[in-house]
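Asks: Structure supplied as query-v7.cif; contents: mmCIF, N, CA and C atoms.
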data_data
#
loop_
_atom_site.label_atom_id
_atom_site.label_comp_id
_atom_site.auth_asym_id
_atom_site.auth_seq_id
_atom_site.Cartn_x
_atom_site.Cartn_y
_atom_site.Cartn_z
N MET I 1 -7.30 -5.34 -7.53
CA MET I 1 -8.22 -4.69 -6.63
C MET I 1 -7.77 -3.26 -6.34
N THR I 2 -6.50 -3.11 -5.96
CA THR I 2 -5.99 -1.79 -5.61
C THR I 2 -6.01 -0.86 -6.81
N ALA I 3 -5.61 -1.38 -7.97
CA ALA I 3 -5.60 -0.55 -9.18
C ALA I 3 -7.00 -0.11 -9.54
N GLY I 4 -7.98 -0.99 -9.39
CA GLY I 4 -9.37 -0.62 -9.66
C GLY I 4 -9.87 0.46 -8.72
N LEU I 5 -9.50 0.35 -7.45
CA LEU I 5 -9.90 1.37 -6.48
C LEU I 5 -9.24 2.71 -6.81
N ALA I 6 -7.96 2.68 -7.15
CA ALA I 6 -7.26 3.92 -7.50
C ALA I 6 -7.85 4.54 -8.76
N LEU I 7 -8.18 3.72 -9.75
CA LEU I 7 -8.79 4.25 -10.98
C LEU I 7 -10.16 4.86 -10.68
N GLY I 8 -10.94 4.20 -9.83
CA GLY I 8 -12.24 4.75 -9.44
C GLY I 8 -12.10 6.07 -8.72
N MET I 9 -11.10 6.18 -7.86
CA MET I 9 -10.86 7.44 -7.16
C MET I 9 -10.46 8.53 -8.16
N ALA I 10 -9.65 8.18 -9.16
CA ALA I 10 -9.23 9.15 -10.16
C ALA I 10 -10.42 9.66 -10.97
N VAL I 11 -11.29 8.75 -11.37
CA VAL I 11 -12.49 9.14 -12.13
C VAL I 11 -13.39 10.03 -11.29
N ALA I 12 -13.58 9.67 -10.03
CA ALA I 12 -14.43 10.49 -9.14
C ALA I 12 -13.84 11.87 -8.95
N ARG I 13 -12.53 11.96 -8.79
CA ARG I 13 -11.88 13.27 -8.64
C ARG I 13 -12.02 14.09 -9.91
N TYR I 14 -11.88 13.44 -11.05
CA TYR I 14 -12.01 14.18 -12.31
C TYR I 14 -13.44 14.69 -12.49
N ARG I 15 -14.41 13.86 -12.18
CA ARG I 15 -15.81 14.28 -12.33
C ARG I 15 -16.14 15.44 -11.39
N ARG I 16 -15.50 15.47 -10.22
CA ARG I 16 -15.78 16.54 -9.26
C ARG I 16 -15.05 17.83 -9.63
N THR I 17 -13.80 17.74 -10.10
CA THR I 17 -12.98 18.95 -10.30
C THR I 17 -12.74 19.31 -11.76
N ARG I 18 -12.92 18.37 -12.67
CA ARG I 18 -12.59 18.56 -14.10
C ARG I 18 -11.12 18.93 -14.30
N SER I 19 -10.28 18.48 -13.39
CA SER I 19 -8.85 18.75 -13.46
C SER I 19 -8.09 17.43 -13.58
N LEU I 20 -7.40 17.24 -14.70
CA LEU I 20 -6.61 16.02 -14.87
C LEU I 20 -5.47 15.95 -13.87
N ARG I 21 -4.91 17.09 -13.55
CA ARG I 21 -3.80 17.14 -12.61
C ARG I 21 -4.24 16.64 -11.24
N HIS I 22 -5.38 17.10 -10.77
CA HIS I 22 -5.90 16.68 -9.47
C HIS I 22 -6.35 15.22 -9.52
N ALA I 23 -6.92 14.82 -10.62
CA ALA I 23 -7.43 13.46 -10.76
C ALA I 23 -6.31 12.43 -10.85
N SER I 24 -5.12 12.85 -11.21
CA SER I 24 -4.01 11.90 -11.39
C SER I 24 -3.41 11.42 -10.08
N ILE I 25 -3.72 12.07 -8.97
CA ILE I 25 -3.11 11.70 -7.69
C ILE I 25 -3.28 10.21 -7.37
N PRO I 26 -4.48 9.62 -7.47
CA PRO I 26 -4.60 8.20 -7.13
C PRO I 26 -3.78 7.28 -8.04
N LEU I 27 -3.45 7.74 -9.23
CA LEU I 27 -2.69 6.89 -10.15
C LEU I 27 -1.23 6.73 -9.73
N PHE I 28 -0.81 7.53 -8.74
CA PHE I 28 0.53 7.38 -8.18
C PHE I 28 0.68 6.06 -7.43
N ILE I 29 -0.41 5.31 -7.31
CA ILE I 29 -0.33 3.98 -6.69
C ILE I 29 0.67 3.12 -7.46
N ALA I 30 0.83 3.39 -8.75
CA ALA I 30 1.80 2.64 -9.56
C ALA I 30 3.22 2.88 -9.05
N VAL I 31 3.51 4.10 -8.62
CA VAL I 31 4.83 4.41 -8.06
C VAL I 31 5.05 3.59 -6.79
N THR I 32 4.01 3.51 -5.97
CA THR I 32 4.10 2.73 -4.74
C THR I 32 4.43 1.27 -5.05
N VAL I 33 3.76 0.69 -6.03
CA VAL I 33 3.97 -0.72 -6.39
C VAL I 33 5.37 -0.93 -6.97
N VAL I 34 5.82 -0.02 -7.82
CA VAL I 34 7.16 -0.17 -8.43
C VAL I 34 8.25 -0.07 -7.36
N VAL I 35 8.16 0.93 -6.48
CA VAL I 35 9.17 1.08 -5.43
C VAL I 35 9.12 -0.12 -4.48
N GLU I 36 7.92 -0.57 -4.14
CA GLU I 36 7.78 -1.76 -3.28
C GLU I 36 8.48 -2.96 -3.91
N THR I 37 8.24 -3.18 -5.19
CA THR I 37 8.84 -4.33 -5.89
C THR I 37 10.36 -4.22 -5.91
N LEU I 38 10.88 -3.04 -6.21
CA LEU I 38 12.33 -2.86 -6.25
C LEU I 38 12.95 -3.10 -4.87
N LEU I 39 12.30 -2.59 -3.83
CA LEU I 39 12.82 -2.80 -2.48
C LEU I 39 12.79 -4.27 -2.09
N LYS I 40 11.74 -4.99 -2.51
CA LYS I 40 11.67 -6.42 -2.20
C LYS I 40 12.76 -7.21 -2.92
N LEU I 41 13.23 -6.69 -4.03
CA LEU I 41 14.32 -7.35 -4.75
C LEU I 41 15.69 -6.99 -4.18
N TRP I 42 15.81 -5.82 -3.53
CA TRP I 42 17.11 -5.33 -3.08
C TRP I 42 17.37 -5.46 -1.58
N VAL I 43 16.35 -5.41 -0.77
CA VAL I 43 16.55 -5.45 0.69
C VAL I 43 16.42 -6.90 1.17
N PRO I 44 17.50 -7.49 1.66
CA PRO I 44 17.48 -8.91 2.03
C PRO I 44 16.82 -9.17 3.40
N GLN I 45 15.53 -8.91 3.49
CA GLN I 45 14.77 -9.18 4.72
C GLN I 45 13.96 -10.45 4.49
N VAL I 46 14.36 -11.53 5.13
CA VAL I 46 13.69 -12.82 4.97
C VAL I 46 12.33 -12.76 5.68
N PRO I 47 11.26 -13.25 5.03
CA PRO I 47 9.94 -13.21 5.67
C PRO I 47 9.85 -14.21 6.83
N PRO I 48 8.81 -14.07 7.65
CA PRO I 48 8.62 -15.05 8.72
C PRO I 48 8.50 -16.46 8.14
N PRO I 49 8.86 -17.47 8.92
CA PRO I 49 8.78 -18.85 8.42
C PRO I 49 7.35 -19.24 8.06
N ASP I 50 7.20 -20.08 7.06
CA ASP I 50 5.87 -20.53 6.62
C ASP I 50 5.09 -21.23 7.72
N GLU I 51 5.79 -21.85 8.66
CA GLU I 51 5.11 -22.56 9.75
C GLU I 51 4.30 -21.61 10.62
N ARG I 52 4.68 -20.35 10.65
CA ARG I 52 3.99 -19.37 11.49
C ARG I 52 2.80 -18.73 10.78
N ALA I 53 2.72 -18.86 9.47
CA ALA I 53 1.68 -18.18 8.69
C ALA I 53 0.29 -18.69 9.05
N ARG I 54 -0.65 -17.74 9.11
CA ARG I 54 -2.03 -18.07 9.44
C ARG I 54 -2.98 -17.76 8.28
N THR I 55 -2.45 -17.51 7.12
CA THR I 55 -3.28 -17.10 6.00
C THR I 55 -3.78 -18.29 5.21
N VAL I 56 -4.85 -18.06 4.49
CA VAL I 56 -5.40 -19.04 3.57
C VAL I 56 -5.35 -18.41 2.18
N ALA I 57 -4.65 -19.03 1.27
CA ALA I 57 -4.53 -18.50 -0.08
C ALA I 57 -5.80 -18.82 -0.87
N LEU I 58 -6.62 -17.80 -1.07
CA LEU I 58 -7.86 -18.00 -1.83
C LEU I 58 -7.59 -18.13 -3.32
N LEU I 59 -6.64 -17.35 -3.81
CA LEU I 59 -6.26 -17.40 -5.22
C LEU I 59 -4.74 -17.57 -5.32
N PRO I 60 -4.23 -18.76 -5.01
CA PRO I 60 -2.77 -18.93 -4.99
C PRO I 60 -2.11 -18.69 -6.35
N PHE I 61 -2.83 -18.92 -7.43
CA PHE I 61 -2.27 -18.71 -8.77
C PHE I 61 -2.14 -17.24 -9.13
N ALA I 62 -2.78 -16.36 -8.36
CA ALA I 62 -2.76 -14.92 -8.66
C ALA I 62 -1.79 -14.17 -7.77
N GLN I 63 -0.96 -14.89 -7.02
CA GLN I 63 -0.02 -14.25 -6.12
C GLN I 63 1.38 -14.25 -6.72
N VAL I 64 2.12 -13.19 -6.41
CA VAL I 64 3.52 -13.11 -6.81
C VAL I 64 4.35 -13.22 -5.54
N HIS I 65 5.20 -14.22 -5.48
CA HIS I 65 6.01 -14.43 -4.28
C HIS I 65 7.41 -13.86 -4.50
N PHE I 66 7.89 -13.17 -3.50
CA PHE I 66 9.24 -12.62 -3.51
C PHE I 66 10.07 -13.35 -2.48
N ALA I 67 11.37 -13.40 -2.70
CA ALA I 67 12.25 -14.04 -1.73
C ALA I 67 12.35 -13.21 -0.45
N TYR I 68 12.21 -11.91 -0.58
CA TYR I 68 12.33 -11.01 0.57
C TYR I 68 10.99 -10.33 0.84
N SER I 69 10.84 -9.81 2.06
CA SER I 69 9.53 -9.32 2.46
C SER I 69 9.44 -7.83 2.76
N PHE I 70 10.53 -7.09 2.66
CA PHE I 70 10.50 -5.65 2.97
C PHE I 70 10.33 -4.84 1.71
N PRO I 71 9.37 -3.94 1.66
CA PRO I 71 8.34 -3.55 2.64
C PRO I 71 7.03 -4.29 2.37
N SER I 72 6.08 -4.16 3.28
CA SER I 72 4.77 -4.78 3.08
C SER I 72 3.98 -3.99 2.04
N GLY I 73 3.63 -4.64 0.96
CA GLY I 73 2.85 -3.99 -0.08
C GLY I 73 1.43 -3.69 0.36
N HIS I 74 0.84 -4.58 1.16
CA HIS I 74 -0.52 -4.32 1.65
C HIS I 74 -0.55 -3.03 2.47
N VAL I 75 0.41 -2.88 3.36
CA VAL I 75 0.44 -1.69 4.21
C VAL I 75 0.77 -0.46 3.37
N ALA I 76 1.68 -0.58 2.43
CA ALA I 76 2.05 0.57 1.59
C ALA I 76 0.85 1.07 0.79
N ARG I 77 0.12 0.16 0.18
CA ARG I 77 -1.03 0.57 -0.64
C ARG I 77 -2.16 1.11 0.23
N ALA I 78 -2.38 0.51 1.39
CA ALA I 78 -3.41 1.01 2.30
C ALA I 78 -3.05 2.41 2.79
N ALA I 79 -1.80 2.61 3.18
CA ALA I 79 -1.37 3.92 3.66
C ALA I 79 -1.51 4.96 2.55
N PHE I 80 -1.12 4.61 1.34
CA PHE I 80 -1.22 5.55 0.22
C PHE I 80 -2.67 5.94 -0.03
N LEU I 81 -3.54 4.94 -0.18
CA LEU I 81 -4.94 5.23 -0.52
C LEU I 81 -5.66 5.98 0.61
N LEU I 82 -5.39 5.62 1.84
CA LEU I 82 -6.02 6.33 2.95
C LEU I 82 -5.50 7.76 3.06
N ALA I 83 -4.22 7.95 2.78
CA ALA I 83 -3.64 9.29 2.90
C ALA I 83 -4.14 10.24 1.82
N ILE I 84 -4.48 9.73 0.65
CA ILE I 84 -4.94 10.63 -0.42
C ILE I 84 -6.45 10.80 -0.45
N ALA I 85 -7.17 9.98 0.32
CA ALA I 85 -8.63 10.09 0.33
C ALA I 85 -9.04 11.44 0.92
N ARG I 86 -9.94 12.12 0.25
CA ARG I 86 -10.36 13.45 0.70
C ARG I 86 -11.37 13.33 1.83
N GLY I 87 -11.21 14.18 2.82
CA GLY I 87 -12.19 14.28 3.88
C GLY I 87 -12.05 13.27 5.01
N LEU I 88 -11.04 12.41 4.96
CA LEU I 88 -10.87 11.45 6.05
C LEU I 88 -10.10 12.11 7.20
N PRO I 89 -10.63 12.02 8.40
CA PRO I 89 -9.87 12.55 9.55
C PRO I 89 -8.57 11.78 9.74
N ALA I 90 -7.57 12.43 10.27
CA ALA I 90 -6.27 11.80 10.48
C ALA I 90 -6.38 10.56 11.36
N LEU I 91 -7.30 10.59 12.31
CA LEU I 91 -7.49 9.44 13.19
C LEU I 91 -7.98 8.22 12.41
N VAL I 92 -8.83 8.42 11.43
CA VAL I 92 -9.33 7.32 10.60
C VAL I 92 -8.20 6.77 9.74
N VAL I 93 -7.40 7.65 9.18
CA VAL I 93 -6.25 7.21 8.37
C VAL I 93 -5.29 6.39 9.23
N ALA I 94 -4.96 6.91 10.41
CA ALA I 94 -4.03 6.21 11.30
C ALA I 94 -4.60 4.86 11.73
N ALA I 95 -5.90 4.82 12.06
CA ALA I 95 -6.52 3.56 12.49
C ALA I 95 -6.52 2.53 11.36
N GLY I 96 -6.82 2.97 10.14
CA GLY I 96 -6.82 2.06 9.00
C GLY I 96 -5.45 1.46 8.74
N VAL I 97 -4.43 2.30 8.78
CA VAL I 97 -3.06 1.81 8.56
C VAL I 97 -2.63 0.90 9.71
N LEU I 98 -2.97 1.27 10.93
CA LEU I 98 -2.62 0.43 12.08
C LEU I 98 -3.28 -0.94 11.99
N LEU I 99 -4.53 -0.98 11.58
CA LEU I 99 -5.22 -2.27 11.41
C LEU I 99 -4.53 -3.13 10.36
N MET I 100 -4.10 -2.52 9.27
CA MET I 100 -3.41 -3.28 8.24
C MET I 100 -2.07 -3.79 8.76
N ILE I 101 -1.36 -2.96 9.52
CA ILE I 101 -0.08 -3.38 10.11
C ILE I 101 -0.30 -4.58 11.03
N VAL I 102 -1.29 -4.46 11.90
CA VAL I 102 -1.57 -5.55 12.84
C VAL I 102 -1.95 -6.83 12.10
N SER I 103 -2.75 -6.72 11.05
CA SER I 103 -3.15 -7.92 10.31
C SER I 103 -1.96 -8.60 9.64
N ARG I 104 -1.06 -7.84 9.06
CA ARG I 104 0.11 -8.42 8.39
C ARG I 104 1.02 -9.14 9.37
N VAL I 105 1.21 -8.51 10.55
CA VAL I 105 2.09 -9.13 11.55
C VAL I 105 1.39 -10.33 12.20
N TYR I 106 0.10 -10.19 12.53
CA TYR I 106 -0.64 -11.28 13.15
C TYR I 106 -0.69 -12.51 12.24
N LEU I 107 -0.91 -12.29 10.96
CA LEU I 107 -1.00 -13.40 10.02
C LEU I 107 0.38 -13.97 9.67
N ALA I 108 1.43 -13.39 10.24
CA ALA I 108 2.82 -13.82 10.03
C ALA I 108 3.21 -13.76 8.56
N GLU I 109 2.69 -12.78 7.88
CA GLU I 109 3.10 -12.54 6.49
C GLU I 109 4.31 -11.60 6.44
N HIS I 110 4.45 -10.77 7.50
CA HIS I 110 5.55 -9.80 7.56
C HIS I 110 6.01 -9.62 8.99
N TRP I 111 7.25 -9.16 9.11
CA TRP I 111 7.76 -8.70 10.39
C TRP I 111 7.24 -7.28 10.61
N LEU I 112 7.29 -6.81 11.85
CA LEU I 112 6.84 -5.45 12.15
C LEU I 112 7.64 -4.43 11.34
N SER I 113 8.93 -4.67 11.16
CA SER I 113 9.75 -3.73 10.37
C SER I 113 9.28 -3.65 8.93
N ASP I 114 8.82 -4.76 8.35
CA ASP I 114 8.28 -4.75 6.99
C ASP I 114 7.04 -3.88 6.93
N ALA I 115 6.15 -4.04 7.91
CA ALA I 115 4.90 -3.30 7.92
C ALA I 115 5.15 -1.81 8.13
N LEU I 116 6.07 -1.45 9.02
CA LEU I 116 6.38 -0.04 9.23
C LEU I 116 7.04 0.57 7.99
N GLY I 117 7.87 -0.21 7.32
CA GLY I 117 8.47 0.26 6.07
C GLY I 117 7.42 0.49 5.00
N GLY I 118 6.42 -0.39 4.95
CA GLY I 118 5.32 -0.21 4.00
C GLY I 118 4.52 1.05 4.29
N ALA I 119 4.27 1.32 5.58
CA ALA I 119 3.55 2.54 5.96
C ALA I 119 4.35 3.78 5.54
N ALA I 120 5.64 3.76 5.81
CA ALA I 120 6.50 4.89 5.43
C ALA I 120 6.48 5.10 3.91
N LEU I 121 6.57 4.02 3.16
CA LEU I 121 6.53 4.12 1.70
C LEU I 121 5.21 4.70 1.22
N GLY I 122 4.10 4.17 1.72
CA GLY I 122 2.79 4.66 1.30
C GLY I 122 2.58 6.13 1.60
N PHE I 123 2.94 6.55 2.81
CA PHE I 123 2.78 7.96 3.18
C PHE I 123 3.72 8.85 2.37
N ALA I 124 4.94 8.38 2.10
CA ALA I 124 5.89 9.17 1.32
C ALA I 124 5.41 9.38 -0.11
N VAL I 125 4.89 8.34 -0.73
CA VAL I 125 4.40 8.48 -2.11
C VAL I 125 3.14 9.35 -2.14
N ALA I 126 2.29 9.25 -1.12
CA ALA I 126 1.11 10.11 -1.05
C ALA I 126 1.52 11.57 -0.93
N TYR I 127 2.53 11.84 -0.12
CA TYR I 127 3.04 13.21 0.02
C TYR I 127 3.61 13.70 -1.32
N LEU I 128 4.39 12.86 -1.97
CA LEU I 128 4.96 13.20 -3.27
C LEU I 128 3.87 13.47 -4.31
N ALA I 129 2.85 12.63 -4.32
CA ALA I 129 1.76 12.79 -5.29
C ALA I 129 1.06 14.12 -5.09
N ARG I 130 0.81 14.49 -3.85
CA ARG I 130 0.14 15.77 -3.58
C ARG I 130 1.02 16.95 -3.97
N ARG I 131 2.32 16.84 -3.74
CA ARG I 131 3.25 17.93 -4.07
C ARG I 131 3.39 18.11 -5.58
N LEU I 132 3.38 17.01 -6.32
CA LEU I 132 3.58 17.09 -7.78
C LEU I 132 2.29 17.39 -8.53
N SER I 133 1.15 17.21 -7.91
CA SER I 133 -0.11 17.42 -8.61
C SER I 133 -0.78 18.71 -8.21
#
Could you show the structure in this file as structure tokens?

Replies:
Amino acid sequence: MTAGLALGMAVARYRRTRSLRHASIPLFIAVTVVVETLLKLWVPQVPPPDERARTVALLPFAQVHFAYSFPSGHVARAAFLLAIARGLPALVVAAGVLLMIVSRVYLAEHWLSDALGGAALGFAVAYLARRLS
């Protein structure tokens, strides 16, 4: 889902600007996913207990489970995509990321520290993408 959205954003940017450099910004979502995966393998942050989880797995066969939960990939990808979207007011970006943080913590999929780490990762990669492109 996220990759499709990022690819669509890249195509729309290319059609508007005819610049491959500018259009490549959304494709930095791959950097976000790679760094998220590496951190989940290296940072020993145990996720909340399964007994607390409130989620329903709609496609359990399509999920990748990690032993550790830092950082939240949902929050990282949301922060990245909202931060690179053109024309969004800062308040909308902040509200979108905050809603994702609240959902991850409420559903007991992540601790607050995981969600804040995901937000930091997403915003950092968005900043990097803009600087390099």

Asks: Please report the interatomic distance between atom C of Phe28 (chain I) and atom N of Gly4 (chain I) in Å with one decimal.

Replies: 11.3 Å

Asks: Considering only C-alpha atoms, return as a ChimeraX atom specification whatever protein or nucleic-acid residues lie within 8 Å of Leu81 (chain I), sequence-local ones (same chain, fewer than 6 positions apart) excluded.

Replies: /I:6,26,29,122,126

Asks: What's around region 64-68 of chain I at 6.5 Å? Count only N, CA and C atoms, leave out sequence neighbours fewer than 5 positions away in its own chain, and write the answer as a list in words.

Replies: Lys40, Leu41, Val43, Pro44, Gln45, Val46 and Pro47 of chain I

Asks: If we count only C-alpha atoms, what is near region 8-19 of chain I at a cut-off of 10 Å, once residues fewer than 4 positions away on the same chain are taken out, given as a list in words?

Replies: Thr2, Ala3, Gly4, Ala23, Ser24, Ile25, Pro26, Leu27, Leu81, Ile84, Ala85 and Arg86 of chain I

Asks: Running the PyMOL selection byres ((chain I and resi 118) around 8) on this model by hand, what would come out? Give it as a VMD selection string.

Replies: chain I and resid 36 70 to 80 112 to 117 119 to 124
